[in-house]
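*Asks:* Dropping in my_file-v8.cif, with mmCIF, C-alpha atoms.
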data_coords
#
loop_
_atom_site.label_atom_id
_atom_site.label_comp_id
_atom_site.auth_asym_id
_atom_site.auth_seq_id
_atom_site.Cartn_x
_atom_site.Cartn_y
_atom_site.Cartn_z
CA MET A 12 -0.09 7.99 14.43
CA ILE A 13 -1.13 5.90 11.45
CA GLU A 14 0.12 2.31 11.42
CA ILE A 15 -0.24 0.40 8.17
CA LYS A 16 0.38 -3.33 8.52
CA LYS A 17 0.77 -6.31 6.20
CA ASP A 18 -2.92 -7.17 6.53
CA THR A 19 -4.17 -3.64 5.85
CA ILE A 20 -6.32 -3.46 2.71
CA ILE A 21 -4.80 -1.18 0.06
CA GLY A 22 -8.11 0.61 -0.38
CA GLU A 23 -8.05 1.46 3.34
CA VAL A 24 -4.48 2.73 3.07
CA LEU A 25 -5.48 5.07 0.27
CA ASN A 26 -8.50 6.31 2.24
CA ILE A 27 -6.49 7.19 5.34
CA ALA A 28 -3.26 8.23 3.59
CA PRO A 29 -3.89 9.13 -0.06
CA GLN A 30 -0.43 10.67 -0.27
CA THR A 31 0.98 7.12 -0.34
CA ALA A 32 -0.45 6.39 -3.81
CA PRO A 33 2.75 7.39 -5.66
CA ILE A 34 4.71 4.83 -3.60
CA PHE A 35 2.39 2.04 -4.70
CA MET A 36 2.47 3.24 -8.30
CA SER A 37 6.28 3.43 -8.31
CA ILE A 38 6.52 -0.30 -7.66
CA GLY A 39 4.06 -1.27 -10.37
CA MET A 40 0.73 -1.14 -8.56
CA HIS A 41 -0.96 1.00 -11.19
CA CYS A 42 -4.51 -0.23 -10.66
CA LEU A 43 -5.13 1.42 -7.30
CA GLY A 44 -8.78 2.07 -8.11
CA CYS A 45 -9.60 -1.42 -9.38
CA ALA A 46 -11.49 -4.09 -7.49
CA ALA A 47 -8.31 -5.96 -6.54
CA ALA A 48 -6.94 -2.96 -4.65
CA SER A 49 -10.13 -2.53 -2.71
CA GLY A 50 -9.90 -6.07 -1.33
CA GLU A 51 -6.21 -6.90 -1.47
CA THR A 52 -3.90 -6.58 1.51
CA VAL A 53 -0.54 -4.85 1.30
CA GLU A 54 1.16 -8.23 1.76
CA GLU A 55 -0.86 -9.87 -1.03
CA ALA A 56 -0.09 -7.03 -3.42
CA CYS A 57 3.61 -7.25 -2.62
CA MET A 58 3.60 -10.98 -3.31
CA VAL A 59 1.94 -10.42 -6.70
CA HIS A 60 4.34 -7.63 -7.63
CA GLY A 61 7.51 -9.23 -6.23
CA VAL A 62 8.13 -6.48 -3.68
CA ASP A 63 9.57 -6.83 -0.17
CA VAL A 64 6.59 -6.10 2.08
CA ASP A 65 8.68 -4.86 5.00
CA LYS A 66 10.53 -2.31 2.86
CA LEU A 67 7.29 -1.11 1.32
CA LEU A 68 5.63 -0.79 4.73
CA ALA A 69 8.53 1.28 6.00
CA LEU A 70 8.13 3.72 3.08
CA VAL A 71 4.35 3.82 3.28
CA ASN A 72 4.25 4.34 7.05
CA GLU A 73 6.86 7.08 6.87
CA GLU A 74 4.88 8.92 4.19
CA ALA A 75 1.55 8.37 5.94
CA ASN A 76 2.85 9.95 9.13
CA LYS A 77 4.45 13.09 7.67
#
Do you think you could lay out the structure here as structure tokens?

*Replies:*
Amino acid sequence: MIEIKKDTIIGEVLNIAPQTAPIFMSIGMHCLGCAAASGETVEEACMVHGVDVDKLLALVNEEANK
């Protein structure tokens, strides 16, 4: 089972669960391949984009474990 947490780097999420990319893009995280994504945690990205991290993690973890 994959468990993505608040401190997981977005680049790592995309490496282990690339099918989650549309979820990130749907909330405005369009630069998934840029340098920020490779070093930014899920929590940091949510803060920047004004997204509830717990809700996003629920969606991402559900999709990652399908």

*Asks:* Specify as a PDB file with C-alpha atoms, in the coordinates of the input each residue included when the PyMOL selection byres ((chain A and resi 35) around 12) is applied to this file.

*Replies:*
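Okay, part_11.pdb is ready:
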ATOM      1  CA  ILE A  21      -4.800  -1.180   0.060  1.00  0.00           C
ATOM      2  CA  GLY A  22      -8.110   0.610  -0.380  1.00  0.00           C
ATOM      3  CA  VAL A  24      -4.480   2.730   3.070  1.00  0.00           C
ATOM      4  CA  LEU A  25      -5.480   5.070   0.270  1.00  0.00           C
ATOM      5  CA  ALA A  28      -3.260   8.230   3.590  1.00  0.00           C
ATOM      6  CA  PRO A  29      -3.890   9.130  -0.060  1.00  0.00           C
ATOM      7  CA  GLN A  30      -0.430  10.670  -0.270  1.00  0.00           C
ATOM      8  CA  THR A  31       0.980   7.120  -0.340  1.00  0.00           C
ATOM      9  CA  ALA A  32      -0.450   6.390  -3.810  1.00  0.00           C
ATOM     10  CA  PRO A  33       2.750   7.390  -5.660  1.00  0.00           C
ATOM     11  CA  ILE A  34       4.710   4.830  -3.600  1.00  0.00           C
ATOM     12  CA  MET A  36       2.470   3.240  -8.300  1.00  0.00           C
ATOM     13  CA  SER A  37       6.280   3.430  -8.310  1.00  0.00           C
ATOM     14  CA  ILE A  38       6.520  -0.300  -7.660  1.00  0.00           C
ATOM     15  CA  GLY A  39       4.060  -1.270 -10.370  1.00  0.00           C
ATOM     16  CA  MET A  40       0.730  -1.140  -8.560  1.00  0.00           C
ATOM     17  CA  HIS A  41      -0.960   1.000 -11.190  1.00  0.00           C
ATOM     18  CA  CYS A  42      -4.510  -0.230 -10.660  1.00  0.00           C
ATOM     19  CA  LEU A  43      -5.130   1.420  -7.300  1.00  0.00           C
ATOM     20  CA  GLY A  44      -8.780   2.070  -8.110  1.00  0.00           C
ATOM     21  CA  ALA A  48      -6.940  -2.960  -4.650  1.00  0.00           C
ATOM     22  CA  VAL A  53      -0.540  -4.850   1.300  1.00  0.00           C
ATOM     23  CA  ALA A  56      -0.090  -7.030  -3.420  1.00  0.00           C
ATOM     24  CA  CYS A  57       3.610  -7.250  -2.620  1.00  0.00           C
ATOM     25  CA  HIS A  60       4.340  -7.630  -7.630  1.00  0.00           C
ATOM     26  CA  VAL A  62       8.130  -6.480  -3.680  1.00  0.00           C
ATOM     27  CA  VAL A  64       6.590  -6.100   2.080  1.00  0.00           C
ATOM     28  CA  LYS A  66      10.530  -2.310   2.860  1.00  0.00           C
ATOM     29  CA  LEU A  67       7.290  -1.110   1.320  1.00  0.00           C
ATOM     30  CA  LEU A  68       5.630  -0.790   4.730  1.00  0.00           C
ATOM     31  CA  LEU A  70       8.130   3.720   3.080  1.00  0.00           C
ATOM     32  CA  VAL A  71       4.350   3.820   3.280  1.00  0.00           C
ATOM     33  CA  GLU A  74       4.880   8.920   4.190  1.00  0.00           C
TER      34      GLU A  74
END

*Asks:* Counting all atoms listed in the file, figure out which residue out of A:Ala69, A:Ile27, A:Ile15, A:Ile20 gets nearest to A:Thr52.

*Replies:* A:Ile20

*Asks:* Could you check how far atom CA of A:Ser49 sits from atom CA of A:Met12, in Å to one decimal?

*Replies:* 22.5 Å

*Asks:* Could you please determine the separation between atom CA of A:Gly61 and atom CA of A:Lys77 in Å, to one decimal place?

*Replies:*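 Separating atom CA of A:Gly61 from atom CA of A:Lys77 is a distance of 26.5 Å.
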
*Asks:* Between atom CA of A:Ala75 and atom CA of A:Glu54, what is the distance, to one decimal in Å?

*Replies:*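 So the two atoms, atom CA of A:Ala75 and atom CA of A:Glu54, lie 17.1 Å apart.
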
*Asks:* Could you check the closest approach to A:Glu73 for each of A:Gly50, A:Met58, A:Glu23, A:Glu14 and tell me which residue wins, using all atoms listed in the file?

*Replies:*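 Using all atoms listed in the file, the shortest distance to A:Glu73 belongs to A:Glu14.
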